[in-house]
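Pasting entry_24.cif here (mmCIF, C-alpha atoms):
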```cif
data_my_file
#
loop_
_atom_site.group_PDB
_atom_site.id
_atom_site.type_symbol
_atom_site.label_atom_id
_atom_site.label_comp_id
_atom_site.auth_asym_id
_atom_site.auth_seq_id
_atom_site.Cartn_x
_atom_site.Cartn_y
_atom_site.Cartn_z
ATOM 1 C CA MET A 1 141.404 46.768 67.782
ATOM 2 C CA SER A 2 143.296 46.419 71.077
ATOM 3 C CA THR A 3 144.727 48.842 73.553
ATOM 4 C CA THR A 4 147.968 48.106 75.316
ATOM 5 C CA GLN A 5 147.967 48.873 79.013
ATOM 6 C CA HIS A 6 151.094 50.022 80.837
ATOM 7 C CA PRO A 7 150.662 49.581 84.584
ATOM 8 C CA THR A 8 154.074 51.031 85.332
ATOM 9 C CA ALA A 9 156.144 53.707 83.660
ATOM 10 C CA ALA A 10 159.251 52.445 81.827
ATOM 11 C CA PRO A 11 162.611 54.209 82.162
ATOM 12 C CA ALA A 12 163.302 57.054 79.760
ATOM 13 C CA SER A 13 166.210 55.188 78.111
ATOM 14 C CA ALA A 14 163.973 52.189 77.328
ATOM 15 C CA GLN A 15 161.559 54.455 75.464
ATOM 16 C CA GLY A 16 164.309 55.982 73.308
ATOM 17 C CA TYR A 17 164.238 59.564 74.603
ATOM 18 C CA THR A 18 166.049 61.625 77.192
ATOM 19 C CA PRO A 19 164.426 64.065 79.630
ATOM 20 C CA ILE A 20 164.366 67.698 78.547
ATOM 21 C CA ARG A 21 166.595 69.867 80.717
ATOM 22 C CA ALA A 22 164.846 73.252 80.805
ATOM 23 C CA LYS A 23 166.782 76.189 82.225
ATOM 24 C CA ALA A 24 165.415 79.568 83.189
ATOM 25 C CA ALA A 25 166.489 82.486 81.038
ATOM 26 C CA PRO A 26 169.052 84.790 82.683
ATOM 27 C CA ARG A 27 167.574 87.874 84.297
ATOM 28 C CA PRO A 28 170.336 90.356 85.094
ATOM 29 C CA GLY A 29 167.820 93.088 85.899
ATOM 30 C CA THR A 30 166.491 91.062 88.838
ATOM 31 C CA TRP A 31 169.972 90.671 90.335
ATOM 32 C CA VAL A 32 170.765 94.363 89.856
ATOM 33 C CA SER A 33 167.505 95.292 91.598
ATOM 34 C CA ALA A 34 168.269 92.863 94.436
ATOM 35 C CA VAL A 35 171.714 94.417 94.976
ATOM 36 C CA ILE A 36 170.253 97.935 95.033
ATOM 37 C CA VAL A 37 167.554 96.921 97.537
ATOM 38 C CA ALA A 38 170.126 95.120 99.727
ATOM 39 C CA LEU A 39 172.362 98.216 99.801
ATOM 40 C CA ALA A 40 169.375 100.400 100.698
ATOM 41 C CA VAL A 41 168.431 98.048 103.553
ATOM 42 C CA LEU A 42 172.008 98.047 104.888
ATOM 43 C CA ALA A 43 172.081 101.844 104.736
ATOM 44 C CA LEU A 44 168.793 102.001 106.661
ATOM 45 C CA ILE A 45 170.078 99.595 109.332
ATOM 46 C CA ARG A 46 173.276 101.636 109.707
ATOM 47 C CA PHE A 47 171.212 104.817 110.049
ATOM 48 C CA LEU A 48 169.025 103.287 112.761
ATOM 49 C CA VAL A 49 171.992 101.914 114.717
ATOM 50 C CA THR A 50 174.245 104.973 114.575
ATOM 51 C CA ASN A 51 171.635 107.734 114.963
ATOM 52 C CA GLU A 52 172.066 109.124 118.477
ATOM 53 C CA VAL A 53 168.651 110.808 118.471
ATOM 54 C CA LEU A 54 166.929 107.406 118.689
ATOM 55 C CA GLU A 55 168.567 106.673 122.082
ATOM 56 C CA TRP A 56 168.347 102.897 122.007
ATOM 57 C CA GLY A 57 169.517 102.740 125.626
ATOM 58 C CA THR A 58 166.403 104.624 126.719
ATOM 59 C CA VAL A 59 164.297 102.332 124.537
ATOM 60 C CA ALA A 60 165.745 99.258 126.266
ATOM 61 C CA THR A 61 165.214 100.826 129.704
ATOM 62 C CA TYR A 62 161.504 101.595 129.258
ATOM 63 C CA LEU A 63 160.499 98.717 126.978
ATOM 64 C CA LEU A 64 159.420 96.651 129.999
ATOM 65 C CA ASP A 65 158.538 99.526 132.293
ATOM 66 C CA VAL A 66 155.630 98.813 134.637
ATOM 67 C CA LYS A 67 153.447 101.604 133.247
ATOM 68 C CA VAL A 68 154.195 100.555 129.678
ATOM 69 C CA VAL A 69 153.312 96.923 130.359
ATOM 70 C CA GLN A 70 150.119 98.004 132.118
ATOM 71 C CA GLY A 71 149.328 100.138 129.078
ATOM 72 C CA VAL A 72 149.765 97.079 126.872
ATOM 73 C CA GLY A 73 147.306 95.179 129.061
ATOM 74 C CA TRP A 74 144.690 97.939 128.883
ATOM 75 C CA THR A 75 145.168 98.210 125.114
ATOM 76 C CA LEU A 76 144.601 94.478 124.664
ATOM 77 C CA LEU A 77 141.518 94.597 126.885
ATOM 78 C CA LEU A 78 140.109 97.533 124.921
ATOM 79 C CA THR A 79 140.743 95.694 121.656
ATOM 80 C CA LEU A 80 139.123 92.470 122.849
ATOM 81 C CA LEU A 81 135.977 94.012 124.341
ATOM 82 C CA SER A 82 135.505 96.427 121.451
ATOM 83 C CA MET A 83 135.786 93.641 118.870
ATOM 84 C CA VAL A 84 133.338 91.439 120.805
ATOM 85 C CA LEU A 85 130.817 94.285 121.021
ATOM 86 C CA GLY A 86 131.414 95.243 117.386
ATOM 87 C CA THR A 87 130.957 91.673 116.176
ATOM 88 C CA VAL A 88 127.678 91.205 118.069
ATOM 89 C CA VAL A 89 126.328 94.527 116.801
ATOM 90 C CA ALA A 90 127.549 93.813 113.263
ATOM 91 C CA LEU A 91 125.938 90.370 113.149
ATOM 92 C CA THR A 92 122.651 91.870 114.334
ATOM 93 C CA ALA A 93 122.846 94.698 111.783
ATOM 94 C CA ALA A 94 123.766 92.277 108.973
ATOM 95 C CA ILE A 95 120.776 90.036 109.747
ATOM 96 C CA MET A 96 118.529 93.102 109.863
ATOM 97 C CA ARG A 97 119.829 94.197 106.449
ATOM 98 C CA ARG A 98 118.820 90.775 105.069
ATOM 99 C CA SER A 99 115.345 90.979 106.634
ATOM 100 C CA ASP A 100 112.156 91.355 104.598
ATOM 101 C CA ASN A 101 110.904 93.960 107.067
ATOM 102 C CA PRO A 102 111.563 97.487 105.697
ATOM 103 C CA VAL A 103 111.762 98.974 109.205
ATOM 104 C CA LEU A 104 114.576 96.627 110.237
ATOM 105 C CA ARG A 105 116.405 97.230 106.960
ATOM 106 C CA GLY A 106 116.034 100.995 107.317
ATOM 107 C CA VAL A 107 117.296 101.099 110.915
ATOM 108 C CA SER A 108 120.290 98.928 110.027
ATOM 109 C CA TRP A 109 121.122 101.083 107.008
ATOM 110 C CA ALA A 110 120.854 104.283 109.058
ATOM 111 C CA TYR A 111 123.167 102.890 111.756
ATOM 112 C CA ILE A 112 125.789 101.869 109.201
ATOM 113 C CA PHE A 113 125.481 105.190 107.360
ATOM 114 C CA VAL A 114 125.948 107.320 110.486
ATOM 115 C CA PHE A 115 128.747 105.403 112.179
ATOM 116 C CA ARG A 116 130.728 104.878 108.986
ATOM 117 C CA GLY A 117 130.349 108.513 107.996
ATOM 118 C CA ILE A 118 131.605 110.121 111.234
ATOM 119 C CA PRO A 119 135.333 109.868 112.100
ATOM 120 C CA VAL A 120 136.067 107.594 115.034
ATOM 121 C CA TYR A 121 137.860 110.369 116.939
ATOM 122 C CA THR A 122 134.754 112.546 116.740
ATOM 123 C CA GLN A 123 132.600 109.654 117.926
ATOM 124 C CA LEU A 124 134.882 109.088 120.912
ATOM 125 C CA VAL A 125 134.616 112.767 121.859
ATOM 126 C CA PHE A 126 130.815 112.442 121.801
ATOM 127 C CA TRP A 127 130.959 109.359 124.023
ATOM 128 C CA GLY A 128 133.270 111.198 126.400
ATOM 129 C CA LEU A 129 130.608 113.913 126.673
ATOM 130 C CA PHE A 130 127.714 111.454 126.905
ATOM 131 C CA THR A 131 127.293 112.066 130.653
ATOM 132 C CA VAL A 132 126.883 115.779 129.897
ATOM 133 C CA ILE A 133 124.440 115.209 127.037
ATOM 134 C CA VAL A 134 122.432 112.586 128.960
ATOM 135 C CA PRO A 135 123.007 113.187 132.690
ATOM 136 C CA LYS A 136 120.260 110.801 133.812
ATOM 137 C CA ILE A 137 118.503 107.693 132.493
ATOM 138 C CA ALA A 138 114.955 107.295 133.787
ATOM 139 C CA VAL A 139 112.591 104.314 133.600
ATOM 140 C CA GLY A 140 108.887 104.880 134.021
ATOM 141 C CA VAL A 141 105.541 105.391 132.352
ATOM 142 C CA PRO A 142 105.787 107.279 129.035
ATOM 143 C CA PHE A 143 104.832 110.934 129.650
ATOM 144 C CA GLY A 144 104.131 109.917 133.237
ATOM 145 C CA PRO A 145 105.892 109.488 136.572
ATOM 146 C CA GLU A 146 109.437 108.067 136.826
ATOM 147 C CA LEU A 147 109.778 104.708 138.512
ATOM 148 C CA LEU A 148 113.542 104.431 138.515
ATOM 149 C CA SER A 149 116.439 106.655 137.465
ATOM 150 C CA PHE A 150 120.219 106.307 137.142
ATOM 151 C CA SER A 151 122.987 108.849 136.905
ATOM 152 C CA THR A 152 125.088 108.234 133.800
ATOM 153 C CA ARG A 153 128.187 109.451 135.634
ATOM 154 C CA ASP A 154 127.926 106.430 137.921
ATOM 155 C CA LEU A 155 127.349 103.958 135.086
ATOM 156 C CA LEU A 156 129.509 105.141 132.213
ATOM 157 C CA THR A 157 133.175 105.370 133.132
ATOM 158 C CA ALA A 158 135.848 106.502 130.688
ATOM 159 C CA PHE A 159 136.854 102.900 130.009
ATOM 160 C CA TRP A 160 133.349 101.755 129.094
ATOM 161 C CA ALA A 161 132.749 104.887 127.064
ATOM 162 C CA ALA A 162 135.860 104.012 125.049
ATOM 163 C CA VAL A 163 134.704 100.411 124.606
ATOM 164 C CA ILE A 164 131.230 101.453 123.464
ATOM 165 C CA GLY A 165 132.570 104.119 121.128
ATOM 166 C CA LEU A 166 135.110 101.792 119.500
ATOM 167 C CA GLY A 167 132.681 98.850 119.393
ATOM 168 C CA LEU A 168 129.817 100.710 117.754
ATOM 169 C CA ASN A 169 132.134 102.286 115.201
ATOM 170 C CA GLU A 170 133.662 98.906 114.386
ATOM 171 C CA GLY A 171 130.252 97.252 114.165
ATOM 172 C CA ALA A 172 129.274 99.522 111.272
ATOM 173 C CA TYR A 173 132.230 98.287 109.220
ATOM 174 C CA LEU A 174 131.923 94.643 110.262
ATOM 175 C CA ALA A 175 128.209 94.655 109.389
ATOM 176 C CA GLU A 176 128.986 94.982 105.683
ATOM 177 C CA ILE A 177 131.731 92.351 105.929
ATOM 178 C CA ILE A 178 129.431 89.867 107.643
ATOM 179 C CA ARG A 179 126.569 90.639 105.260
ATOM 180 C CA SER A 180 128.774 89.952 102.232
ATOM 181 C CA GLY A 181 129.951 86.723 103.868
ATOM 182 C CA LEU A 182 126.396 85.565 104.513
ATOM 183 C CA ASN A 183 125.424 86.427 100.938
ATOM 184 C CA SER A 184 128.359 84.362 99.610
ATOM 185 C CA VAL A 185 126.641 81.115 100.681
ATOM 186 C CA ASP A 186 124.547 79.650 97.871
ATOM 187 C CA LYS A 187 120.820 80.231 98.369
ATOM 188 C CA GLY A 188 120.137 76.651 97.313
ATOM 189 C CA GLN A 189 121.510 75.445 100.639
ATOM 190 C CA THR A 190 118.973 77.567 102.497
ATOM 191 C CA GLU A 191 116.167 76.198 100.346
ATOM 192 C CA ALA A 192 117.357 72.624 100.893
ATOM 193 C CA SER A 193 117.563 73.199 104.661
ATOM 194 C CA LYS A 194 114.018 74.575 104.734
ATOM 195 C CA ALA A 195 112.866 71.521 102.785
ATOM 196 C CA LEU A 196 114.306 69.385 105.599
ATOM 197 C CA GLY A 197 112.232 71.322 108.134
ATOM 198 C CA MET A 198 115.030 73.385 109.706
ATOM 199 C CA SER A 199 114.119 76.719 111.279
ATOM 200 C CA ASN A 200 115.641 80.002 110.094
ATOM 201 C CA GLY A 201 117.746 80.344 113.232
ATOM 202 C CA LYS A 202 119.100 76.830 112.931
ATOM 203 C CA ILE A 203 119.861 77.326 109.242
ATOM 204 C CA LEU A 204 121.807 80.457 110.121
ATOM 205 C CA ARG A 205 123.786 78.757 112.909
ATOM 206 C CA ARG A 206 124.412 75.369 111.329
ATOM 207 C CA ILE A 207 124.531 76.027 107.590
ATOM 208 C CA ILE A 208 125.162 79.652 106.633
ATOM 209 C CA VAL A 209 127.515 81.042 109.294
ATOM 210 C CA PRO A 210 130.056 78.150 109.259
ATOM 211 C CA GLN A 211 130.446 78.476 105.490
ATOM 212 C CA ALA A 212 130.433 82.263 105.538
ATOM 213 C CA MET A 213 133.349 82.291 107.998
ATOM 214 C CA ARG A 214 135.703 81.472 105.143
ATOM 215 C CA VAL A 215 134.859 84.849 103.631
ATOM 216 C CA ILE A 216 134.479 86.739 106.921
ATOM 217 C CA VAL A 217 137.666 85.722 108.754
ATOM 218 C CA PRO A 218 140.317 87.459 106.552
ATOM 219 C CA PRO A 219 138.770 90.964 106.737
ATOM 220 C CA LEU A 220 137.776 90.331 110.364
ATOM 221 C CA GLY A 221 141.435 89.694 111.185
ATOM 222 C CA ASN A 222 142.412 92.885 109.407
ATOM 223 C CA GLU A 223 139.775 94.828 111.339
ATOM 224 C CA THR A 224 141.079 93.389 114.628
ATOM 225 C CA ILE A 225 144.584 94.599 113.824
ATOM 226 C CA GLY A 226 143.129 97.963 112.861
ATOM 227 C CA MET A 227 141.209 98.099 116.143
ATOM 228 C CA LEU A 228 144.442 97.500 118.068
ATOM 229 C CA LYS A 229 145.901 100.637 116.504
ATOM 230 C CA THR A 230 142.666 102.626 116.792
ATOM 231 C CA THR A 231 142.799 102.272 120.589
ATOM 232 C CA SER A 232 145.520 104.930 120.511
ATOM 233 C CA LEU A 233 142.706 107.481 119.988
ATOM 234 C CA VAL A 234 140.883 106.811 123.287
ATOM 235 C CA LEU A 235 142.478 109.923 124.758
ATOM 236 C CA ALA A 236 139.512 111.685 123.153
ATOM 237 C CA VAL A 237 137.139 110.109 125.723
ATOM 238 C CA PRO A 238 139.432 110.688 127.715
ATOM 239 C CA PHE A 239 140.869 107.306 128.760
ATOM 240 C CA THR A 240 144.471 107.631 129.933
ATOM 241 C CA LEU A 241 145.723 104.124 130.658
ATOM 242 C CA ASP A 242 146.382 102.755 127.176
ATOM 243 C CA LEU A 243 149.823 102.130 125.682
ATOM 244 C CA THR A 244 150.065 105.357 123.689
ATOM 245 C CA PHE A 245 149.170 107.584 126.647
ATOM 246 C CA ALA A 246 151.530 105.653 128.954
ATOM 247 C CA THR A 247 154.517 106.159 126.646
ATOM 248 C CA ASN A 248 153.574 109.795 126.008
ATOM 249 C CA GLY A 249 153.420 110.426 129.755
ATOM 250 C CA ILE A 250 156.921 109.049 130.267
ATOM 251 C CA ALA A 251 158.209 110.979 127.252
ATOM 252 C CA ASN A 252 156.832 114.253 128.632
ATOM 253 C CA LYS A 253 158.641 113.699 131.924
ATOM 254 C CA LEU A 254 161.976 112.818 130.284
ATOM 255 C CA PHE A 255 161.669 115.238 127.343
ATOM 256 C CA THR A 256 162.572 112.318 125.046
ATOM 257 C CA PRO A 257 159.569 111.715 122.761
ATOM 258 C CA ILE A 258 161.338 109.743 120.045
ATOM 259 C CA PRO A 259 162.643 106.792 122.169
ATOM 260 C CA LEU A 260 159.244 106.363 123.822
ATOM 261 C CA LEU A 261 157.536 106.448 120.432
ATOM 262 C CA ILE A 262 159.844 103.608 119.414
ATOM 263 C CA VAL A 263 158.830 101.711 122.570
ATOM 264 C CA ALA A 264 155.158 102.038 121.653
ATOM 265 C CA ALA A 265 155.850 101.096 118.034
ATOM 266 C CA LEU A 266 157.760 97.955 119.053
ATOM 267 C CA TRP A 267 154.914 96.823 121.309
ATOM 268 C CA TYR A 268 152.320 97.446 118.589
ATOM 269 C CA LEU A 269 154.460 95.497 116.098
ATOM 270 C CA ALA A 270 154.843 92.583 118.520
ATOM 271 C CA ILE A 271 151.101 92.344 119.232
ATOM 272 C CA THR A 272 150.241 92.732 115.544
ATOM 273 C CA SER A 273 152.613 89.899 114.666
ATOM 274 C CA VAL A 274 150.859 87.576 117.110
ATOM 275 C CA LEU A 275 147.460 88.567 115.724
ATOM 276 C CA MET A 276 148.645 87.926 112.161
ATOM 277 C CA VAL A 277 149.775 84.418 113.112
ATOM 278 C CA GLY A 278 146.404 83.723 114.710
ATOM 279 C CA GLN A 279 144.635 85.080 111.635
ATOM 280 C CA HIS A 280 146.681 82.755 109.417
ATOM 281 C CA PHE A 281 145.639 79.655 111.349
ATOM 282 C CA LEU A 282 141.990 80.766 111.477
ATOM 283 C CA GLU A 283 141.966 81.263 107.705
ATOM 284 C CA LYS A 284 143.555 77.846 107.264
ATOM 285 C CA TYR A 285 140.945 76.233 109.539
ATOM 286 C CA PHE A 286 137.880 77.791 107.926
ATOM 287 C CA GLY A 287 139.315 77.402 104.422
ATOM 288 C CA ARG A 288 139.469 73.613 104.610
ATOM 289 C CA GLY A 289 138.150 72.046 101.430
ATOM 290 C CA PHE A 290 138.288 75.347 99.535
ATOM 291 C CA ASP A 291 141.970 76.289 99.494
ATOM 292 C CA VAL A 292 143.994 73.177 98.638
ATOM 293 C CA ARG A 293 147.555 74.217 97.903
ATOM 294 C CA THR A 294 149.544 71.193 99.042
ATOM 295 C CA PRO A 295 151.836 70.145 96.149
ATOM 296 C CA ALA A 296 152.163 66.525 95.177
ATOM 297 C CA ALA A 297 155.233 64.596 96.230
ATOM 298 C CA GLY A 298 158.047 65.008 93.754
ATOM 299 C CA GLY A 299 157.019 68.550 92.945
ATOM 300 C CA GLY A 300 155.268 70.340 90.154
ATOM 301 C CA ARG A 301 155.252 69.257 86.514
ATOM 302 C CA ARG A 302 157.337 66.067 86.917
ATOM 303 C CA SER A 303 154.893 64.563 89.442
ATOM 304 C CA ARG A 304 151.859 65.284 87.234
ATOM 305 C CA ILE A 305 153.462 63.794 84.125
ATOM 306 C CA ALA A 306 154.623 60.766 86.096
ATOM 307 C CA ALA A 307 151.073 60.288 87.395
ATOM 308 C CA VAL A 308 149.685 60.411 83.848
ATOM 309 C CA ASN A 309 152.247 57.901 82.577
ATOM 310 C CA SER A 310 151.741 55.520 85.491
ATOM 311 C CA SER A 311 147.953 55.526 85.151
ATOM 312 C CA GLY A 312 148.077 53.153 82.149
ATOM 313 C CA THR A 313 145.670 55.253 80.092
ATOM 314 C CA THR A 314 148.208 56.924 77.794
ATOM 315 C CA PRO A 315 149.357 55.603 74.396
ATOM 316 C CA GLN A 316 152.468 53.444 74.111
ATOM 317 C CA THR A 317 154.622 56.501 73.446
ATOM 318 C CA ARG A 318 155.227 58.053 76.836
ATOM 319 C CA LEU A 319 155.013 61.750 77.643
ATOM 320 C CA PRO A 320 158.521 63.195 78.144
ATOM 321 C CA GLU A 321 159.355 64.512 81.562
ATOM 322 C CA VAL A 322 160.819 67.997 81.901
ATOM 323 C CA GLU A 323 163.622 68.666 84.358
ATOM 324 C CA GLN A 324 163.842 72.190 85.658
#
```
Hey, can you dump this file as structure tokens for me?
Amino acid sequence: MSTTQHPTAAPASAQGYTPIRAKAAPRPGTWVSAVIVALAVLALIRFLVTNEVLEWGTVATYLLDVKVVQGVGWTLLLTLLSMVLGTVVALTAAIMRRSDNPVLRGVSWAYIFVFRGIPVYTQLVFWGLFTVIVPKIAVGVPFGPELLSFSTRDLLTAFWAAVIGLGLNEGAYLAEIIRSGLNSVDKGQTEASKALGMSNGKILRRIIVPQAMRVIVPPLGNETIGMLKTTSLVLAVPFTLDLTFATNGIANKLFTPIPLLIVAALWYLAITSVLMVGQHFLEKYFGRGFDVRTPAAGGGRRSRIAAVNSSGTTPQTRLPEVEQ
């Protein structure tokens, strides 16, 4: 019994068959829906362009105003510092939740429970009143004399109160995200690393965290975008240099709230777009080896069938190729 090998695929005419020409079934409902959506979009664009209340001239005038641009800078700085603080706190809380020590697990759970359960605006109000609640921080012997004391009014400005309030609130949410990412790494890798003599800290840095980033990065990017928008609440501290307060201040002077709201919205959209692009490339970087979506040359079904036929492992009768 012998098997005939075919190192190369023969033309379709030589095999006595013609390629199947498959055509998609007509879908008139899709085209009708597309026309309706297109008309709705055109109507919306016409409404936005012709509505005099929006005052696009005022929008163009104040889009690059000095106070607005400074507000954008403060908003970005608040977002960056709050996310850094939140990530550090979240990583610590996530590791504590994975600890065998019940005290560490309990403290981590209590932190997450409290800061996730209280609205962020309420938390920011508390941090704005922190200097009233705790007017002085003293260092000394417990139940004994004070060695050193600081006034919280000198240490905790409105900016840092906003950063701490936003960071601690964000850390409670990120803690669960990071914990789920760490738990997504197979436990066998930890056991194998311990068998090689690696310490727990080194296993976490070199083995677990790099693989967990594939799971952590997408929700972390979403939380960063959410943090950018949450900075609009820092008036509760009160911090009055962010983008929302800057545009509101100009609107109150001009008695034109709507155009200045559009200015703020356009800046938030622009920054969010940049963050989404960065998130896309981060997901692509950490997803290497897990998310392979590059199609073969030649496209789809035809390339796969051609690869099967050219492999020389199929019977003498070739598989027909389908043209779409």
message = Translate the PyMOL selection byres ((chain A and resi 170) around 10) into a concrete residue list for this structure, as a ChimeraX atom specification.
response = /A:82-87,89-90,112,115-116,120,164-169,171-175,223-224,226-227
Can I get the selection written as a CSV table (one decimal), keeping the file's coordinate frame, with C-alpha atoms?
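As a result, part.csv now contains:
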```
chain,number,residue,atom,x,y,z
A,82,SER,CA,135.5,96.4,121.5
A,83,MET,CA,135.8,93.6,118.9
A,84,VAL,CA,133.3,91.4,120.8
A,85,LEU,CA,130.8,94.3,121.0
A,86,GLY,CA,131.4,95.2,117.4
A,87,THR,CA,131.0,91.7,116.2
A,89,VAL,CA,126.3,94.5,116.8
A,90,ALA,CA,127.5,93.8,113.3
A,112,ILE,CA,125.8,101.9,109.2
A,115,PHE,CA,128.7,105.4,112.2
A,116,ARG,CA,130.7,104.9,109.0
A,120,VAL,CA,136.1,107.6,115.0
A,164,ILE,CA,131.2,101.5,123.5
A,165,GLY,CA,132.6,104.1,121.1
A,166,LEU,CA,135.1,101.8,119.5
A,167,GLY,CA,132.7,98.8,119.4
A,168,LEU,CA,129.8,100.7,117.8
A,169,ASN,CA,132.1,102.3,115.2
A,171,GLY,CA,130.3,97.3,114.2
A,172,ALA,CA,129.3,99.5,111.3
A,173,TYR,CA,132.2,98.3,109.2
A,174,LEU,CA,131.9,94.6,110.3
A,175,ALA,CA,128.2,94.7,109.4
A,223,GLU,CA,139.8,94.8,111.3
A,224,THR,CA,141.1,93.4,114.6
A,226,GLY,CA,143.1,98.0,112.9
A,227,MET,CA,141.2,98.1,116.1
```
note = Students should find that CA of Met198 in chain A and CA of Thr92 in chain A are spaced 20.5 Å
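Minimum atom-to-atom distances from A:Gly71, A:Gly128, A:Pro257, A:Pro219 to Leu241 in chain A were compared using all atoms listed in the file, and the lowest value belongs to A:Gly71.
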message = Between CA of Asn252 in chain A and CA of Tyr62 in chain A, what is the distance in Å, rounded to a tenth?
response = 13.5 Å
task = Just the residues within 8 Å of Leu78 in chain A, please, counting all atoms listed in the file, with nothing from its chain fewer than 2 positions along; format it as a list in words.
result = Trp74, Thr75, Leu76, Leu80, Leu81, Ser82, Ala162, Val163 and Thr231 of chain A
ask   = Which of these residues is nearest to Ala236 in chain A, using all atoms listed in the file: A:Thr18, A:Ala40, A:Leu129, A:Ile95?
value = A:Leu129
key: Chain and number of each residue from the PyMOL selection byres ((chain A and resi 68) around 10), as a ChimeraX atom specification   = /A:62-67,69-74,241-250,260,263-264,267
query = Quick one: which residues end up in the PyMOL selection byres ((chain A and resi 283) around 12) for this structure, as a PyMOL selection string?
reply = chain A and resi 212-222+276-282+284-291
query = Ser149 in chain A: which residues within 12 Å, counting only C-alpha atoms, same-chain residues fewer than 4 positions away excluded, as a VMD selection string?
reply = chain A and resid 134 to 140 145 154 to 155
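Going from CA of Ser273 in chain A over to CA of Ile225 in chain A, you cover 9.3 Å.
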